[in-house]
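Structure first, commentary second.
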Amino acid sequence: MNTKILYFFGVLLFLSSCQDLIDPAIENIQGREDMLERPRLAQGLLINAYLRIPTNGWTFSEMATDDAVSSNPTNGFLNIATGQWASNNNPVNQWSGAQSAIQYLNVMLEDVDSVNFAVDPIVNQMFVDRLKGESYGLRALFMYYLLQAHGGMADGQLLGAPILTASQNVESEFNIPRNTFEECMNQLYADADKALALLPMDLGNITDPYLIPSKYEGAETGQYNRVFGDDAIQLVSGRIVRAVMAQAALLAASPAFNPGGDVEKWKTAASNAAEILNTIGGVSGLSPTGGTWFANNEELNAIGGGMNPAEILWRTSIGPSNNLEADNYPPTLYGRGLINPTQNFVDAFPMANGYPISAANSGYDAQNPYSARDPRLNQSVVLNGSASGPSNTTIITAADGETNDALNRVETSTRTGYYLRKLLRQDVNLNPNSTNQQVHMKPRIRYTEIFLIYAEAANEAYGPTGMGSASYSAYDVIKAIRQRAGIGTENGDEYLESIKGDQAAMRQLIRNERRLELSFEGFRFWDLRRWNVNLNETAKGMTIEDDSYEVMNVENRVFSDYMIYGPVPYSETLKFTELKQNTGW
């Protein structure tokens with residue numbers, strides 16, 4: 001987010017007490033009426049909504065799946081994975097944050113037409129349109145988060161959240177029922193459509209006046225750029241709204257939320273994803289370095305001015321830090337080894353020839369398990385004998401290793417035989433004598449996610465090689481992603497070719513590619529649920545001793561069948577009798 005918006009984040013909080021040395025309000029309290037003459041207060045409403053966008057993968061819900069365990073016994077995700085997930089103990093709760101954001105957005109939408117943003121009437125209307133467009137887009141986004149985290153079955157009906165399109169006050173009726181999931185999706189699409197009518201596809205400066213929408217008759221590029229130009233980059237744009245539509249459509253089409261298997265919902269998801277992918281040339285637009293976005297150090301260091309690398313559709317702010325490394329480096333690199341990838345996750349990586357390790361002709365050797373594997377394995381996981389950190393230190397995770405990196409040696413040692421590499425910058429130094437920080441980027445949406453949305457939806461709607469209205473298929477997308485990763489380069493990816501006529505086999509491959517490509521970015525926890533698959537796959541690890549490899553059980557998963565849906569907060573159901581809880585909670 002640009003410098004101006006970051007400044008607003010720090011100082012503009014709507015309805016907060018603040019001192020105005022020139023013209024203090026009565027008792028220093030800012031009300032809605034003050035906003036009409038003070039546009040920064042109006043912008044503060046949106047800022048409060050932006051601040052409530054969840055951090056997605058950076059909470060690492062993967063530690064409650066078959067992909068990882070936590071080395072910290074008090075970790076919230078470890079607790080819910082082992083039987084303590086409850087409606088009053090929910091680390092993935094989105095209810096209060098999303099509802100608060102929607103309240104701010106509703107106030108904005110009710111009052112924004114009356115706010116004076118600029119003396120110039122054309123510029124003023126542009127500001128009104130942009131802020132309304134952002135508000136509708138964000139309201140759609142928060143509805144998606146509510147449906148993902150709290151949508152579910154109650155009394156035999158698939159429900160979402162209460163639809164709130166007007167701000168609430170002390171006289172409002174708060175005891176209202178949840179709307180159906182379908183009604184919530186319709187509201188999400190309606191908000192998205194309104195946003196698309198008000199926002200450009202992309203924000204940023206233009207030089208050609210013919211790019212200015214005709215509704216701003218007589219406007220010049222300088223006026224347009226003041227509102228929709230570079231200073232607004234990383235705010236919600238039409239492209240971001242379309243991405244949210246694709247995410248939500250995929251959720252709605254998935255087995256847990258589409259029990260009747262309505263193929264039209266898959267077609268909608270494929271179409272929404274294709275709308276975005278077509279703007280970058282379809283499959284040819286897949287970023288060659290997009291799979292290693294977190295390790296492209298030169299690219300990361302060069303990011304500035306709100307711009308994005310080719311892989312990134314939307315991101316948060318960038319800046320130097322070493323928190324991820326402090327949490328997840330191995331002990332000998334002065335880290336806490338928090339996230340331990342599992343053997344389950346390691347086994348999901350195919351061989352470099354493209355075959356799953358379980359295939360008879362894969363060439364997999366259980367006593368040399370890391371040889372000739374998918375290159376993404378080493379990019380994502382610190383294996384026994386891997387080099388890691390700024391000095392390329394050899395990390396020995398074997399049970400008979402001689403350092404604290406060894407299996408279960410100390411509290412911060414790995415429990416699975418693996419440490420996390422993905423997302424971490426290997427040039428961060430945590431040595432107390434020479435500690436440094438490096439630039440990190442947190443994507444909100446990557447293009448690879450959109451490609452995988454298309455592949456999953458197109459396979460279900462049209463089969464592996466069907467295209468619908470696009471010029472590429474699920475097979476084409478997966479082939480491109482695997483080629484980028486270095487899979488099957490010497491044999492033409494024989495495995496992919498062998499299943500391109502098999503929808504069920506392609507489904508499993510697409511799901512596995514999603515697991516690998518989007519790992520540790522906040523997807524696996526939700527994907528398992530929307531697919532309505534086994535949540536209780538035991539988390540496994542690897543014991544290495546005397547150069548012998550043996551798979552071990554590390555941590556049981558304890559989820560009931562009804563936990564494919566998250567709960568409505570217990571405190572809310574106590575307060576409001578009309579608010580039905582999801583079955584089982």
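Scheme for the structure tokens: letters A, B, ... for chains in order shown; per-chain residue numbers from 1; ligand numbers from 1 in order shown.
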Might you pull out every residue within 7 Å of segment 265-273 of chain A, with only C-alpha atoms counted and same-chain residues fewer than 6 positions away left off, and present them as a ChimeraX atom specification? /A:242-243,245-246,249-250,252-253,450,453-454,457-458,460-461
Would you mind listing what lies within 6 Å of Val558 of chain A as a VMD selection string, with only C-alpha atoms counted and same-chain residues fewer than 6 positions away left out? chain A and resid 81 to 83
Just-selected residues, N, CA and C atoms written as a PDB file, in the first residue's frame:
ATOM      1  N   ALA A  81      -6.391 -28.824  15.915  1.00  0.00           N
ATOM      2  CA  ALA A  81      -6.181 -30.039  15.132  1.00  0.00           C
ATOM      3  C   ALA A  81      -6.254 -31.289  15.986  1.00  0.00           C
ATOM      4  N   THR A  82      -6.040 -31.137  17.269  1.00  0.00           N
ATOM      5  CA  THR A  82      -5.994 -32.301  18.153  1.00  0.00           C
ATOM      6  C   THR A  82      -7.202 -32.382  19.074  1.00  0.00           C
ATOM      7  N   GLY A  83      -8.300 -31.748  18.655  1.00  0.00           N
ATOM      8  CA  GLY A  83      -9.560 -31.975  19.346  1.00  0.00           C
ATOM      9  C   GLY A  83     -10.122 -30.818  20.131  1.00  0.00           C
TER      10      GLY A  83
END
Å distance separating atom CA of Ser434 of chain A from atom CA of Thr316 of chain A, one decimal place: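 Pair atom CA of Ser434 of chain A / atom CA of Thr316 of chain A returns 28.1 Å.
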For Trp531 of chain A, which residue out of A:Pro341, A:Pro259, A:Pro320, A:Pro356 is the nearest one, using only C-alpha atoms?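 Ranking A:Pro341, A:Pro259, A:Pro320, A:Pro356 by distance to Trp531 of chain A, first place goes to A:Pro259.
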Using only C-alpha atoms, which residues sit within 10 Å of Ile544 of chain A once same-chain residues fewer than 5 positions away are excluded, as a list of chain:residue names?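 Listing them by chain and then by number gives A:Gln367, A:Asn384, A:Ile396, A:Thr397, A:Ala398, A:Ala399, A:Asp400, A:Gly401, A:Ala406, A:Leu407, A:Gly417, A:Tyr549, A:Glu550, A:Val551.
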Write a file of the just-selected residues containing all heavy atoms, as an mmCIF file, in the first residue's frame.
data_model
loop_
_atom_site.group_PDB
_atom_site.id
_atom_site.type_symbol
_atom_site.label_atom_id
_atom_site.label_comp_id
_atom_site.auth_asym_id
_atom_site.auth_seq_id
_atom_site.Cartn_x
_atom_site.Cartn_y
_atom_site.Cartn_z
ATOM 1 N N GLN A 367 14.837 -45.490 0.403
ATOM 2 C CA GLN A 367 16.053 -45.286 1.187
ATOM 3 C C GLN A 367 16.952 -44.195 0.598
ATOM 4 O O GLN A 367 18.055 -43.959 1.087
ATOM 5 C CB GLN A 367 16.807 -46.604 1.322
ATOM 6 C CG GLN A 367 16.114 -47.601 2.235
ATOM 7 C CD GLN A 367 15.834 -47.029 3.628
ATOM 8 O OE1 GLN A 367 16.718 -46.461 4.274
ATOM 9 N NE2 GLN A 367 14.583 -47.156 4.083
ATOM 10 N N ASN A 384 16.913 -33.172 5.359
ATOM 11 C CA ASN A 384 18.150 -33.594 6.003
ATOM 12 C C ASN A 384 19.314 -33.421 5.028
ATOM 13 O O ASN A 384 19.304 -33.962 3.917
ATOM 14 C CB ASN A 384 18.051 -35.061 6.428
ATOM 15 C CG ASN A 384 19.293 -35.516 7.160
ATOM 16 O OD1 ASN A 384 19.714 -34.898 8.134
ATOM 17 N ND2 ASN A 384 19.899 -36.617 6.703
ATOM 18 N N ILE A 396 21.258 -30.796 9.603
ATOM 19 C CA ILE A 396 21.108 -32.236 9.815
ATOM 20 C C ILE A 396 19.906 -32.459 10.734
ATOM 21 O O ILE A 396 19.932 -32.102 11.914
ATOM 22 C CB ILE A 396 22.371 -32.864 10.429
ATOM 23 C CG1 ILE A 396 23.579 -32.617 9.516
ATOM 24 C CG2 ILE A 396 22.162 -34.356 10.662
ATOM 25 C CD1 ILE A 396 23.444 -33.212 8.128
ATOM 26 N N THR A 397 18.869 -33.050 10.171
ATOM 27 C CA THR A 397 17.652 -33.307 10.946
ATOM 28 C C THR A 397 17.564 -34.751 11.425
ATOM 29 O O THR A 397 16.602 -35.116 12.114
ATOM 30 C CB THR A 397 16.407 -32.997 10.103
ATOM 31 O OG1 THR A 397 16.328 -33.929 9.020
ATOM 32 C CG2 THR A 397 16.458 -31.579 9.555
ATOM 33 N N ALA A 398 18.523 -35.582 11.063
ATOM 34 C CA ALA A 398 18.496 -36.990 11.449
ATOM 35 C C ALA A 398 18.447 -37.133 12.965
ATOM 36 O O ALA A 398 18.969 -36.287 13.702
ATOM 37 C CB ALA A 398 19.723 -37.711 10.890
ATOM 38 N N ALA A 399 17.835 -38.211 13.428
ATOM 39 C CA ALA A 399 17.707 -38.439 14.863
ATOM 40 C C ALA A 399 19.063 -38.552 15.538
ATOM 41 O O ALA A 399 19.198 -38.234 16.727
ATOM 42 C CB ALA A 399 16.880 -39.693 15.118
ATOM 43 N N ASP A 400 20.077 -39.004 14.792
ATOM 44 C CA ASP A 400 21.415 -39.130 15.372
ATOM 45 C C ASP A 400 22.312 -37.953 14.999
ATOM 46 O O ASP A 400 23.537 -38.034 15.070
ATOM 47 C CB ASP A 400 22.067 -40.445 14.945
ATOM 48 C CG ASP A 400 22.046 -40.666 13.439
ATOM 49 O OD1 ASP A 400 21.595 -39.757 12.709
ATOM 50 O OD2 ASP A 400 22.458 -41.755 12.993
ATOM 51 N N GLY A 401 21.693 -36.848 14.589
ATOM 52 C CA GLY A 401 22.459 -35.639 14.326
ATOM 53 C C GLY A 401 23.061 -35.080 15.601
ATOM 54 O O GLY A 401 22.598 -35.363 16.711
ATOM 55 N N ALA A 406 18.547 -31.588 15.088
ATOM 56 C CA ALA A 406 18.173 -32.997 15.001
ATOM 57 C C ALA A 406 16.754 -33.223 15.515
ATOM 58 O O ALA A 406 16.224 -32.446 16.318
ATOM 59 C CB ALA A 406 19.161 -33.845 15.787
ATOM 60 N N LEU A 407 16.171 -34.298 15.063
ATOM 61 C CA LEU A 407 14.791 -34.649 15.393
ATOM 62 C C LEU A 407 14.568 -34.671 16.903
ATOM 63 O O LEU A 407 15.261 -35.386 17.639
ATOM 64 C CB LEU A 407 14.470 -36.017 14.797
ATOM 65 C CG LEU A 407 13.047 -36.536 14.986
ATOM 66 C CD1 LEU A 407 12.071 -35.755 14.116
ATOM 67 C CD2 LEU A 407 12.987 -38.034 14.662
ATOM 68 N N GLY A 417 11.261 -34.114 11.152
ATOM 69 C CA GLY A 417 12.453 -34.322 10.338
ATOM 70 C C GLY A 417 12.597 -33.271 9.258
ATOM 71 O O GLY A 417 13.503 -33.370 8.413
ATOM 72 N N TYR A 549 16.001 -44.771 6.669
ATOM 73 C CA TYR A 549 14.836 -43.894 6.671
ATOM 74 C C TYR A 549 13.594 -44.682 7.065
ATOM 75 O O TYR A 549 13.308 -45.737 6.506
ATOM 76 C CB TYR A 549 14.626 -43.283 5.283
ATOM 77 C CG TYR A 549 15.726 -42.347 4.853
ATOM 78 C CD1 TYR A 549 16.949 -42.833 4.387
ATOM 79 C CD2 TYR A 549 15.547 -40.966 4.908
ATOM 80 C CE1 TYR A 549 17.964 -41.971 3.981
ATOM 81 C CE2 TYR A 549 16.550 -40.101 4.508
ATOM 82 C CZ TYR A 549 17.756 -40.608 4.051
ATOM 83 O OH TYR A 549 18.754 -39.753 3.656
ATOM 84 N N GLU A 550 12.854 -44.144 8.037
ATOM 85 C CA GLU A 550 11.633 -44.815 8.479
ATOM 86 C C GLU A 550 10.551 -43.772 8.762
ATOM 87 O O GLU A 550 10.755 -42.850 9.555
ATOM 88 C CB GLU A 550 11.887 -45.644 9.736
ATOM 89 C CG GLU A 550 10.668 -46.416 10.199
ATOM 90 C CD GLU A 550 10.962 -47.304 11.401
ATOM 91 O OE1 GLU A 550 12.141 -47.420 11.792
ATOM 92 O OE2 GLU A 550 9.992 -47.856 11.960
ATOM 93 N N VAL A 551 9.395 -43.938 8.113
ATOM 94 C CA VAL A 551 8.273 -43.030 8.323
ATOM 95 C C VAL A 551 7.656 -43.292 9.691
ATOM 96 O O VAL A 551 7.534 -44.444 10.123
ATOM 97 C CB VAL A 551 7.216 -43.211 7.216
ATOM 98 C CG1 VAL A 551 5.988 -42.337 7.496
ATOM 99 C CG2 VAL A 551 7.811 -42.864 5.853
#
Would you mind listing what lies within 7 Å of segment 125-135 of chain A as a list of chain:residue names, with only C-alpha atoms counted and same-chain residues fewer than 6 positions away left out?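 Counting only C-alpha atoms, the residues come to A:Leu105, A:Leu109, A:Val112, A:Asp113, A:Phe117, A:Lys194, A:Ala195, A:Leu198, A:Leu199, A:Val227, A:Val236.
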Atom CA of Arg421 of chain A to atom CA of Glu513 of chain A: how many Å, to one decimal? 18.1 Å
Enumerate, as JSON, numbers by chain, the complete set of residues in segment 63-250 of chain A that a backbone-based DSSP assignment places in strand (DSSP E). {"A": [68, 69, 70, 152, 153, 154, 157, 158, 159]}
Set the distance at 8 Å and use only C-alpha atoms: which residues neighbour segment 177-180 of chain A once local chain neighbours fewer than 6 positions away are removed? I'd like the list as a ChimeraX atom specification. /A:157-163,578-580
Just the residues within 10 Å of segment 278-284 of chain A, please, counting only C-alpha atoms, with nothing from its chain fewer than 6 positions along; format it as an MDAnalysis selection string. chainID A and resid 201 239 310 447 451 470:473 476:481
When you look at Leu377 of chain A with a cut-off of 10 Å (counting only C-alpha atoms), what residues show up, excluding the ones that are within fewer than 6 positions of it in the same chain? I need them as a list in words.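 Those residues are Phe345, Val346, Asp347, Ala348, Phe349, Pro350, Met351, Tyr370, Leu383, Arg421, Lys422 and Leu516 of chain A.
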Can you list, as a ChimeraX atom specification, every residue of segment 199-419 of chain A that DSSP puts in helix (DSSP H, G or I)? /A:209-211,221-228,230-232,238-253,263-280,282-285,290-295,297-302,323-328,331-333,343-347,375-380
